[in-house]
>>> print(open('query_7.txt').read())   # compact mmCIF, N, CA and C atoms
# COMPACT_ATOMS: atom_id res chain seq x y z
N GLN A 217 0.84 -1.19 0.00
CA GLN A 217 0.00 0.00 0.00
C GLN A 217 0.88 1.25 0.00
N VAL A 218 0.39 2.29 -0.65
CA VAL A 218 1.13 3.54 -0.74
C VAL A 218 0.33 4.63 -0.04
N GLN A 219 1.01 5.40 0.77
CA GLN A 219 0.37 6.53 1.44
C GLN A 219 0.86 7.84 0.83
N VAL A 220 -0.07 8.76 0.69
CA VAL A 220 0.26 10.06 0.10
C VAL A 220 -0.24 11.14 1.04
N VAL A 221 0.64 12.04 1.42
CA VAL A 221 0.28 13.08 2.39
C VAL A 221 0.71 14.44 1.85
N GLU A 222 -0.25 15.36 1.80
CA GLU A 222 0.04 16.73 1.38
C GLU A 222 0.15 17.65 2.59
N SER A 223 0.82 18.76 2.39
CA SER A 223 0.91 19.79 3.42
C SER A 223 1.19 21.12 2.74
N GLY A 224 0.97 22.21 3.48
CA GLY A 224 1.36 23.52 3.00
C GLY A 224 0.25 24.44 2.56
N GLY A 225 -0.99 23.98 2.61
CA GLY A 225 -2.07 24.86 2.21
C GLY A 225 -2.30 25.97 3.22
N GLY A 226 -3.22 26.88 2.89
CA GLY A 226 -3.52 27.95 3.81
C GLY A 226 -4.25 29.09 3.13
N LEU A 227 -4.29 30.21 3.84
CA LEU A 227 -4.96 31.42 3.35
C LEU A 227 -3.89 32.44 2.97
N VAL A 228 -4.05 33.02 1.80
CA VAL A 228 -3.09 34.01 1.32
C VAL A 228 -3.82 35.08 0.53
N GLN A 229 -3.28 36.27 0.51
CA GLN A 229 -3.88 37.33 -0.29
C GLN A 229 -3.49 37.19 -1.75
N ALA A 230 -4.32 37.72 -2.60
CA ALA A 230 -4.02 37.71 -4.04
C ALA A 230 -2.65 38.33 -4.28
N GLY A 231 -1.90 37.69 -5.17
CA GLY A 231 -0.55 38.14 -5.44
C GLY A 231 0.51 37.46 -4.60
N GLY A 232 0.08 36.75 -3.57
CA GLY A 232 1.01 36.09 -2.68
C GLY A 232 1.45 34.73 -3.20
N SER A 233 2.19 34.03 -2.35
CA SER A 233 2.76 32.73 -2.73
C SER A 233 2.50 31.69 -1.65
N LEU A 234 2.43 30.45 -2.08
CA LEU A 234 2.35 29.31 -1.18
C LEU A 234 3.14 28.17 -1.79
N ARG A 235 3.64 27.29 -0.95
CA ARG A 235 4.34 26.11 -1.42
C ARG A 235 3.67 24.88 -0.82
N LEU A 236 3.21 24.00 -1.69
CA LEU A 236 2.61 22.74 -1.26
C LEU A 236 3.65 21.63 -1.36
N SER A 237 3.58 20.71 -0.42
CA SER A 237 4.48 19.56 -0.44
C SER A 237 3.67 18.28 -0.38
N CYS A 238 4.22 17.25 -0.99
CA CYS A 238 3.57 15.94 -1.01
C CYS A 238 4.63 14.87 -0.83
N ALA A 239 4.36 13.94 0.07
CA ALA A 239 5.30 12.85 0.32
C ALA A 239 4.58 11.52 0.16
N ALA A 240 5.19 10.62 -0.58
CA ALA A 240 4.65 9.28 -0.76
C ALA A 240 5.51 8.28 0.00
N SER A 241 4.86 7.31 0.61
CA SER A 241 5.59 6.29 1.36
C SER A 241 4.85 4.96 1.25
N GLY A 242 5.55 3.90 1.59
CA GLY A 242 4.93 2.59 1.55
C GLY A 242 5.66 1.63 0.63
N ARG A 243 4.95 0.62 0.20
CA ARG A 243 5.54 -0.43 -0.63
C ARG A 243 5.54 0.02 -2.08
N MET A 244 6.68 0.48 -2.52
CA MET A 244 6.79 0.93 -3.91
C MET A 244 8.25 0.91 -4.31
N SER A 245 8.50 0.58 -5.56
CA SER A 245 9.87 0.58 -6.03
C SER A 245 10.20 1.87 -6.75
N SER A 246 9.25 2.37 -7.52
CA SER A 246 9.44 3.64 -8.19
C SER A 246 8.08 4.24 -8.51
N ILE A 247 8.06 5.52 -8.62
CA ILE A 247 6.83 6.23 -8.92
C ILE A 247 6.92 6.77 -10.34
N ALA A 248 6.00 6.36 -11.18
CA ALA A 248 6.05 6.77 -12.58
C ALA A 248 5.72 8.25 -12.73
N VAL A 249 4.63 8.65 -12.11
CA VAL A 249 4.14 10.02 -12.30
C VAL A 249 3.72 10.59 -10.95
N MET A 250 4.06 11.85 -10.73
CA MET A 250 3.59 12.57 -9.56
C MET A 250 2.94 13.85 -10.07
N SER A 251 1.78 14.16 -9.53
CA SER A 251 1.05 15.29 -10.07
C SER A 251 0.21 15.97 -9.00
N TRP A 252 -0.21 17.17 -9.32
CA TRP A 252 -1.11 17.96 -8.47
C TRP A 252 -2.39 18.24 -9.23
N TYR A 253 -3.49 18.06 -8.55
CA TYR A 253 -4.81 18.39 -9.05
C TYR A 253 -5.45 19.38 -8.08
N ARG A 254 -6.53 19.99 -8.53
CA ARG A 254 -7.29 20.84 -7.62
C ARG A 254 -8.77 20.74 -7.95
N GLN A 255 -9.57 21.00 -6.94
CA GLN A 255 -11.01 20.99 -7.12
C GLN A 255 -11.62 22.16 -6.36
N ALA A 256 -12.22 23.06 -7.12
CA ALA A 256 -12.90 24.21 -6.55
C ALA A 256 -14.35 23.83 -6.26
N PRO A 257 -15.01 24.54 -5.37
CA PRO A 257 -16.41 24.23 -5.04
C PRO A 257 -17.28 24.26 -6.29
N GLY A 258 -18.04 23.20 -6.48
CA GLY A 258 -18.96 23.13 -7.60
C GLY A 258 -18.31 22.82 -8.93
N LYS A 259 -17.02 22.54 -8.93
CA LYS A 259 -16.32 22.26 -10.18
C LYS A 259 -15.68 20.88 -10.14
N GLN A 260 -15.33 20.38 -11.32
CA GLN A 260 -14.66 19.09 -11.40
C GLN A 260 -13.19 19.23 -11.03
N ARG A 261 -12.64 18.13 -10.59
CA ARG A 261 -11.21 18.11 -10.27
C ARG A 261 -10.43 18.27 -11.58
N GLU A 262 -9.40 19.11 -11.54
CA GLU A 262 -8.62 19.36 -12.74
C GLU A 262 -7.13 19.21 -12.47
N LEU A 263 -6.41 18.82 -13.51
CA LEU A 263 -4.97 18.69 -13.41
C LEU A 263 -4.31 20.06 -13.38
N VAL A 264 -3.41 20.24 -12.46
CA VAL A 264 -2.68 21.50 -12.34
C VAL A 264 -1.27 21.37 -12.92
N ALA A 265 -0.55 20.34 -12.48
CA ALA A 265 0.82 20.16 -12.94
C ALA A 265 1.21 18.70 -12.77
N ILE A 266 2.11 18.24 -13.64
CA ILE A 266 2.51 16.85 -13.63
C ILE A 266 4.01 16.75 -13.85
N ALA A 267 4.64 15.80 -13.17
CA ALA A 267 6.08 15.58 -13.32
C ALA A 267 6.34 14.09 -13.48
N SER A 268 7.01 13.74 -14.56
CA SER A 268 7.35 12.34 -14.79
C SER A 268 8.64 11.99 -14.05
N SER A 269 8.94 10.71 -13.99
CA SER A 269 10.16 10.28 -13.32
C SER A 269 11.41 10.75 -14.06
N GLY A 270 11.27 11.02 -15.34
CA GLY A 270 12.39 11.48 -16.13
C GLY A 270 12.61 12.98 -16.09
N GLY A 271 11.70 13.69 -15.41
CA GLY A 271 11.89 15.13 -15.27
C GLY A 271 11.01 15.99 -16.16
N THR A 272 10.23 15.34 -17.01
CA THR A 272 9.32 16.12 -17.86
C THR A 272 8.19 16.69 -17.02
N THR A 273 7.88 17.97 -17.26
CA THR A 273 6.79 18.62 -16.53
C THR A 273 5.80 19.24 -17.51
N ASN A 274 4.57 19.31 -17.07
CA ASN A 274 3.52 19.98 -17.85
C ASN A 274 2.59 20.69 -16.89
N TYR A 275 1.97 21.75 -17.40
CA TYR A 275 1.11 22.58 -16.56
C TYR A 275 -0.21 22.89 -17.25
N ALA A 276 -1.22 23.13 -16.46
CA ALA A 276 -2.46 23.66 -17.00
C ALA A 276 -2.18 25.07 -17.49
N ASP A 277 -2.87 25.46 -18.54
CA ASP A 277 -2.64 26.79 -19.11
C ASP A 277 -2.87 27.89 -18.07
N SER A 278 -3.81 27.66 -17.18
CA SER A 278 -4.18 28.69 -16.21
C SER A 278 -3.09 28.97 -15.18
N VAL A 279 -2.12 28.07 -15.05
CA VAL A 279 -1.08 28.27 -14.04
C VAL A 279 0.31 28.41 -14.64
N LYS A 280 0.44 28.28 -15.94
CA LYS A 280 1.75 28.39 -16.56
C LYS A 280 2.38 29.74 -16.26
N GLY A 281 3.66 29.70 -15.91
CA GLY A 281 4.38 30.92 -15.58
C GLY A 281 4.20 31.37 -14.14
N ARG A 282 3.26 30.75 -13.42
CA ARG A 282 3.03 31.13 -12.02
C ARG A 282 3.37 29.97 -11.07
N PHE A 283 3.10 28.76 -11.48
CA PHE A 283 3.32 27.57 -10.63
C PHE A 283 4.52 26.80 -11.16
N THR A 284 5.25 26.17 -10.24
CA THR A 284 6.37 25.32 -10.60
C THR A 284 6.29 24.02 -9.81
N ILE A 285 6.32 22.90 -10.52
CA ILE A 285 6.34 21.60 -9.87
C ILE A 285 7.77 21.09 -9.82
N SER A 286 8.14 20.54 -8.69
CA SER A 286 9.49 19.99 -8.56
C SER A 286 9.42 18.66 -7.82
N ARG A 287 10.18 17.73 -8.31
CA ARG A 287 10.08 16.36 -7.81
C ARG A 287 11.45 15.88 -7.33
N ASP A 288 11.46 15.16 -6.24
CA ASP A 288 12.69 14.56 -5.72
C ASP A 288 12.49 13.05 -5.72
N ASN A 289 13.05 12.38 -6.69
CA ASN A 289 12.84 10.94 -6.83
C ASN A 289 13.44 10.15 -5.66
N ALA A 290 14.53 10.63 -5.11
CA ALA A 290 15.18 9.91 -4.01
C ALA A 290 14.32 9.93 -2.75
N ARG A 291 13.61 11.03 -2.55
CA ARG A 291 12.79 11.18 -1.35
C ARG A 291 11.31 10.89 -1.60
N ASN A 292 10.96 10.64 -2.85
CA ASN A 292 9.55 10.39 -3.21
C ASN A 292 8.65 11.55 -2.79
N THR A 293 9.11 12.74 -3.11
CA THR A 293 8.34 13.93 -2.79
C THR A 293 8.13 14.77 -4.04
N VAL A 294 7.08 15.55 -4.01
CA VAL A 294 6.82 16.50 -5.09
C VAL A 294 6.24 17.76 -4.47
N ASP A 295 6.79 18.91 -4.86
CA ASP A 295 6.34 20.19 -4.35
C ASP A 295 5.68 20.99 -5.46
N LEU A 296 4.83 21.91 -5.05
CA LEU A 296 4.20 22.83 -6.00
C LEU A 296 4.39 24.24 -5.45
N GLN A 297 5.26 25.00 -6.11
CA GLN A 297 5.46 26.39 -5.74
C GLN A 297 4.46 27.23 -6.51
N MET A 298 3.63 27.96 -5.78
CA MET A 298 2.57 28.75 -6.40
C MET A 298 2.83 30.23 -6.13
N ASN A 299 3.06 30.96 -7.18
CA ASN A 299 3.32 32.40 -7.08
C ASN A 299 2.21 33.19 -7.75
N THR A 300 2.15 34.45 -7.43
CA THR A 300 1.16 35.36 -8.01
C THR A 300 -0.23 34.72 -7.97
N LEU A 301 -0.61 34.28 -6.80
CA LEU A 301 -1.88 33.58 -6.64
C LEU A 301 -3.05 34.51 -6.90
N GLU A 302 -4.10 33.93 -7.44
CA GLU A 302 -5.33 34.64 -7.78
C GLU A 302 -6.50 34.00 -7.04
N PRO A 303 -7.56 34.77 -6.80
CA PRO A 303 -8.73 34.17 -6.14
C PRO A 303 -9.24 32.93 -6.86
N GLU A 304 -9.06 32.88 -8.17
CA GLU A 304 -9.50 31.72 -8.95
C GLU A 304 -8.69 30.46 -8.64
N ASP A 305 -7.59 30.61 -7.95
CA ASP A 305 -6.78 29.44 -7.56
C ASP A 305 -7.31 28.78 -6.29
N THR A 306 -8.31 29.38 -5.67
CA THR A 306 -8.89 28.81 -4.46
C THR A 306 -9.49 27.44 -4.76
N ALA A 307 -9.05 26.45 -4.01
CA ALA A 307 -9.49 25.07 -4.24
C ALA A 307 -8.85 24.16 -3.20
N VAL A 308 -9.32 22.93 -3.19
CA VAL A 308 -8.61 21.88 -2.46
C VAL A 308 -7.61 21.27 -3.44
N TYR A 309 -6.37 21.22 -3.04
CA TYR A 309 -5.31 20.70 -3.89
C TYR A 309 -4.96 19.28 -3.46
N TYR A 310 -4.90 18.40 -4.45
CA TYR A 310 -4.64 16.99 -4.20
C TYR A 310 -3.36 16.54 -4.91
N CYS A 311 -2.61 15.71 -4.24
CA CYS A 311 -1.44 15.09 -4.85
C CYS A 311 -1.82 13.69 -5.30
N LYS A 312 -1.36 13.32 -6.48
CA LYS A 312 -1.61 11.98 -6.99
C LYS A 312 -0.28 11.37 -7.43
N VAL A 313 -0.08 10.12 -7.04
CA VAL A 313 1.10 9.39 -7.51
C VAL A 313 0.64 8.11 -8.17
N VAL A 314 1.35 7.70 -9.19
CA VAL A 314 1.02 6.48 -9.91
C VAL A 314 2.17 5.49 -9.75
N VAL A 315 1.86 4.34 -9.18
CA VAL A 315 2.85 3.30 -8.93
C VAL A 315 2.34 2.01 -9.57
N TRP A 316 3.11 1.49 -10.51
CA TRP A 316 2.73 0.28 -11.23
C TRP A 316 1.31 0.38 -11.78
N GLY A 317 0.98 1.53 -12.31
CA GLY A 317 -0.31 1.72 -12.96
C GLY A 317 -1.46 2.00 -12.02
N ILE A 318 -1.20 2.04 -10.74
CA ILE A 318 -2.26 2.30 -9.76
C ILE A 318 -2.10 3.73 -9.23
N ALA A 319 -3.20 4.46 -9.19
CA ALA A 319 -3.18 5.84 -8.72
C ALA A 319 -3.52 5.90 -7.24
N TYR A 320 -2.72 6.67 -6.51
CA TYR A 320 -2.95 6.89 -5.09
C TYR A 320 -3.09 8.40 -4.87
N TRP A 321 -4.09 8.77 -4.07
CA TRP A 321 -4.39 10.17 -3.82
C TRP A 321 -4.15 10.53 -2.36
N GLY A 322 -3.76 11.78 -2.16
CA GLY A 322 -3.71 12.30 -0.82
C GLY A 322 -5.08 12.78 -0.38
N GLN A 323 -5.14 13.27 0.84
CA GLN A 323 -6.43 13.69 1.39
C GLN A 323 -6.80 15.10 0.97
N GLY A 324 -5.86 15.83 0.41
CA GLY A 324 -6.12 17.19 -0.05
C GLY A 324 -5.73 18.23 0.98
N THR A 325 -5.39 19.41 0.47
CA THR A 325 -5.05 20.53 1.34
C THR A 325 -5.71 21.79 0.76
N GLN A 326 -6.34 22.55 1.62
CA GLN A 326 -7.11 23.72 1.18
C GLN A 326 -6.20 24.91 0.92
N VAL A 327 -6.41 25.52 -0.23
CA VAL A 327 -5.74 26.79 -0.57
C VAL A 327 -6.83 27.82 -0.80
N THR A 328 -6.77 28.91 -0.06
CA THR A 328 -7.75 29.98 -0.19
C THR A 328 -7.02 31.28 -0.48
N VAL A 329 -7.40 31.91 -1.58
CA VAL A 329 -6.77 33.17 -1.99
C VAL A 329 -7.82 34.27 -1.88
N SER A 330 -7.56 35.24 -1.04
CA SER A 330 -8.50 36.33 -0.84
C SER A 330 -8.16 37.50 -1.76
N SER A 331 -9.19 38.20 -2.17
CA SER A 331 -8.99 39.32 -3.11
C SER A 331 -8.77 40.62 -2.36
>>> encode(input="query_7.txt", output="structure tokens")
Amino acid sequence: QVQVVESGGGLVQAGGSLRLSCAASGRMSSIAVMSWYRQAPGKQRELVAIASSGGTTNYADSVKGRFTISRDNARNTVDLQMNTLEPEDTAVYYCKVVVWGIAYWGQGTQVTVSS
């Protein structure tokens, strides 16, 4: 079993920054993909950023240039640096890791951006 735990959410004013962290642990040899999703009230969960084991990263258009995903394969962690936050970024942020084709999710961390 794989456990995924996020941390770092909170309340910030528009224009501010937050850094989310995610750590995976348990029975796993390697993690193929680590990613961040978010879900705002009344909306579907959406992909924010993704990092492959080889270092390839991709971002949702809405966060390009503002968010940076960084992954540490040795520690099985992935961070999301969020800059120039906007009220539209308010959501519960979830970390997802894929191990041997199985997706594991964290419990989510709330990010609230006030205007």
>>> closest_residue(input="query_7.txt", among="A:Gly226, A:Gln219, A:Asn292, A:Ser246", to="Thr325 of chain A", atoms="only N, CA and C atoms")
A:Gly226
>>> residues_around(input="query_7.txt", residues="segment 267-272 of chain A", least_positions_apart="4", cutoff="6.5 Å", atoms="all atoms listed in the file", output="MDAnalysis selection string")
chainID A and resid 247:252
>>> select_by_dssp(input="query_7.txt", residues="chain A", states="strand (DSSP E)", output="count of residues only")
67
>>> atom_distance(input="query_7.txt", atom1="atom CA of Gly322 of chain A", atom2="atom CA of Gln260 of chain A")
16.7 Å
>>> residues_near_point(input="query_7.txt", point="(1.9, 31.4, -6.6)", cutoff="6 Å", atoms="only C-alpha atoms", output="list in words")
Ser233, Leu234, Arg282, Phe283, Met298, Asn299, Thr300 and Leu301 of chain A
>>> closest_residue(input="query_7.txt", among="A:Thr284, A:Gln323, A:Ala256, A:Arg235", to="Glu304 of chain A", atoms="only N, CA and C atoms")
A:Ala256
>>> closest_residue(input="query_7.txt", among="A:Val264, A:Arg291, A:Leu296, A:Ser237", to="Gly225 of chain A", atoms="all atoms listed in the file")
A:Ser237
>>> atom_distance(input="query_7.txt", atom1="atom C of Ala307 of chain A", atom2="atom N of Arg243 of chain A")
27.5 Å
>>> atom_distance(input="query_7.txt", atom1="atom CA of Val314 of chain A", atom2="atom CA of Gly224 of chain A")
21.4 Å
>>> closest_residue(input="query_7.txt", among="A:Glu262, A:Lys312, A:Pro303, A:Arg254", to="Ala230 of chain A", atoms="only N, CA and C atoms")
A:Pro303
>>> residues_near_point(input="query_7.txt", point="(-5.5, 2.4, -4.2)", cutoff="8 Å", atoms="only N, CA and C atoms", output="number ranges by chain")
A: 217-218, 318-321
>>> closest_residue(input="query_7.txt", among="A:Val315, A:Val327, A:Ala265, A:Ala239", to="Tyr253 of chain A", atoms="all atoms listed in the file")
A:Ala265
>>> build_atoms(input="query_7.txt", residues="segment 298-309 of chain A", atoms="all heavy atoms", output="mmCIF file, in the frame of the given file")
data_model
loop_
_atom_site.group_PDB
_atom_site.id
_atom_site.type_symbol
_atom_site.label_atom_id
_atom_site.label_comp_id
_atom_site.auth_asym_id
_atom_site.auth_seq_id
_atom_site.Cartn_x
_atom_site.Cartn_y
_atom_site.Cartn_z
ATOM 1 N N MET A 298 3.630 27.960 -5.780
ATOM 2 C CA MET A 298 2.570 28.750 -6.400
ATOM 3 C C MET A 298 2.830 30.230 -6.130
ATOM 4 O O MET A 298 2.836 30.664 -4.965
ATOM 5 C CB MET A 298 1.216 28.331 -5.825
ATOM 6 C CG MET A 298 0.948 26.839 -5.947
ATOM 7 S SD MET A 298 -0.707 26.366 -5.393
ATOM 8 C CE MET A 298 -0.591 26.752 -3.648
ATOM 9 N N ASN A 299 3.060 30.960 -7.180
ATOM 10 C CA ASN A 299 3.320 32.400 -7.080
ATOM 11 C C ASN A 299 2.210 33.190 -7.750
ATOM 12 O O ASN A 299 1.449 32.655 -8.561
ATOM 13 C CB ASN A 299 4.665 32.743 -7.727
ATOM 14 C CG ASN A 299 5.835 32.061 -7.051
ATOM 15 O OD1 ASN A 299 5.827 31.841 -5.839
ATOM 16 N ND2 ASN A 299 6.858 31.723 -7.820
ATOM 17 N N THR A 300 2.150 34.450 -7.430
ATOM 18 C CA THR A 300 1.160 35.360 -8.010
ATOM 19 C C THR A 300 -0.230 34.720 -7.970
ATOM 20 O O THR A 300 -0.955 34.624 -8.964
ATOM 21 C CB THR A 300 1.525 35.717 -9.473
ATOM 22 O OG1 THR A 300 2.922 35.934 -9.589
ATOM 23 C CG2 THR A 300 0.814 37.001 -9.903
ATOM 24 N N LEU A 301 -0.610 34.280 -6.800
ATOM 25 C CA LEU A 301 -1.880 33.580 -6.640
ATOM 26 C C LEU A 301 -3.050 34.510 -6.900
ATOM 27 O O LEU A 301 -3.002 35.719 -6.596
ATOM 28 C CB LEU A 301 -1.974 32.972 -5.251
ATOM 29 C CG LEU A 301 -1.157 31.675 -5.080
ATOM 30 C CD1 LEU A 301 -0.893 31.385 -3.615
ATOM 31 C CD2 LEU A 301 -1.870 30.506 -5.741
ATOM 32 N N GLU A 302 -4.100 33.930 -7.440
ATOM 33 C CA GLU A 302 -5.330 34.640 -7.780
ATOM 34 C C GLU A 302 -6.500 34.000 -7.040
ATOM 35 O O GLU A 302 -6.440 32.816 -6.688
ATOM 36 C CB GLU A 302 -5.562 34.553 -9.287
ATOM 37 C CG GLU A 302 -4.405 35.054 -10.128
ATOM 38 C CD GLU A 302 -4.557 34.696 -11.603
ATOM 39 O OE1 GLU A 302 -5.486 33.925 -11.939
ATOM 40 O OE2 GLU A 302 -3.731 35.188 -12.406
ATOM 41 N N PRO A 303 -7.560 34.770 -6.800
ATOM 42 C CA PRO A 303 -8.730 34.170 -6.140
ATOM 43 C C PRO A 303 -9.240 32.930 -6.860
ATOM 44 O O PRO A 303 -9.757 32.000 -6.221
ATOM 45 C CB PRO A 303 -9.753 35.305 -6.182
ATOM 46 C CG PRO A 303 -8.923 36.546 -6.159
ATOM 47 C CD PRO A 303 -7.704 36.222 -6.976
ATOM 48 N N GLU A 304 -9.060 32.880 -8.170
ATOM 49 C CA GLU A 304 -9.500 31.720 -8.950
ATOM 50 C C GLU A 304 -8.690 30.460 -8.640
ATOM 51 O O GLU A 304 -9.068 29.363 -9.059
ATOM 52 C CB GLU A 304 -9.419 32.020 -10.444
ATOM 53 C CG GLU A 304 -10.385 33.098 -10.941
ATOM 54 C CD GLU A 304 -9.987 34.508 -10.533
ATOM 55 O OE1 GLU A 304 -8.784 34.732 -10.249
ATOM 56 O OE2 GLU A 304 -10.873 35.380 -10.470
ATOM 57 N N ASP A 305 -7.590 30.610 -7.950
ATOM 58 C CA ASP A 305 -6.780 29.440 -7.560
ATOM 59 C C ASP A 305 -7.310 28.780 -6.290
ATOM 60 O O ASP A 305 -6.806 27.726 -5.883
ATOM 61 C CB ASP A 305 -5.327 29.854 -7.337
ATOM 62 C CG ASP A 305 -4.659 30.362 -8.599
ATOM 63 O OD1 ASP A 305 -4.835 29.730 -9.655
ATOM 64 O OD2 ASP A 305 -3.948 31.389 -8.521
ATOM 65 N N THR A 306 -8.310 29.380 -5.670
ATOM 66 C CA THR A 306 -8.890 28.810 -4.460
ATOM 67 C C THR A 306 -9.490 27.440 -4.760
ATOM 68 O O THR A 306 -10.307 27.290 -5.661
ATOM 69 C CB THR A 306 -9.976 29.742 -3.893
ATOM 70 O OG1 THR A 306 -9.362 30.960 -3.469
ATOM 71 C CG2 THR A 306 -10.688 29.090 -2.719
ATOM 72 N N ALA A 307 -9.050 26.450 -4.010
ATOM 73 C CA ALA A 307 -9.490 25.070 -4.240
ATOM 74 C C ALA A 307 -8.850 24.160 -3.200
ATOM 75 O O ALA A 307 -7.950 24.576 -2.462
ATOM 76 C CB ALA A 307 -9.090 24.606 -5.643
ATOM 77 N N VAL A 308 -9.320 22.930 -3.190
ATOM 78 C CA VAL A 308 -8.610 21.880 -2.460
ATOM 79 C C VAL A 308 -7.610 21.270 -3.440
ATOM 80 O O VAL A 308 -7.991 20.880 -4.553
ATOM 81 C CB VAL A 308 -9.555 20.809 -1.919
ATOM 82 C CG1 VAL A 308 -8.757 19.707 -1.214
ATOM 83 C CG2 VAL A 308 -10.567 21.433 -0.957
ATOM 84 N N TYR A 309 -6.370 21.220 -3.040
ATOM 85 C CA TYR A 309 -5.310 20.700 -3.890
ATOM 86 C C TYR A 309 -4.960 19.280 -3.460
ATOM 87 O O TYR A 309 -4.748 19.015 -2.273
ATOM 88 C CB TYR A 309 -4.079 21.601 -3.820
ATOM 89 C CG TYR A 309 -4.246 22.867 -4.616
ATOM 90 C CD1 TYR A 309 -5.132 23.862 -4.209
ATOM 91 C CD2 TYR A 309 -3.542 23.072 -5.805
ATOM 92 C CE1 TYR A 309 -5.312 25.018 -4.940
ATOM 93 C CE2 TYR A 309 -3.707 24.233 -6.553
ATOM 94 C CZ TYR A 309 -4.599 25.195 -6.111
ATOM 95 O OH TYR A 309 -4.776 26.344 -6.852
#
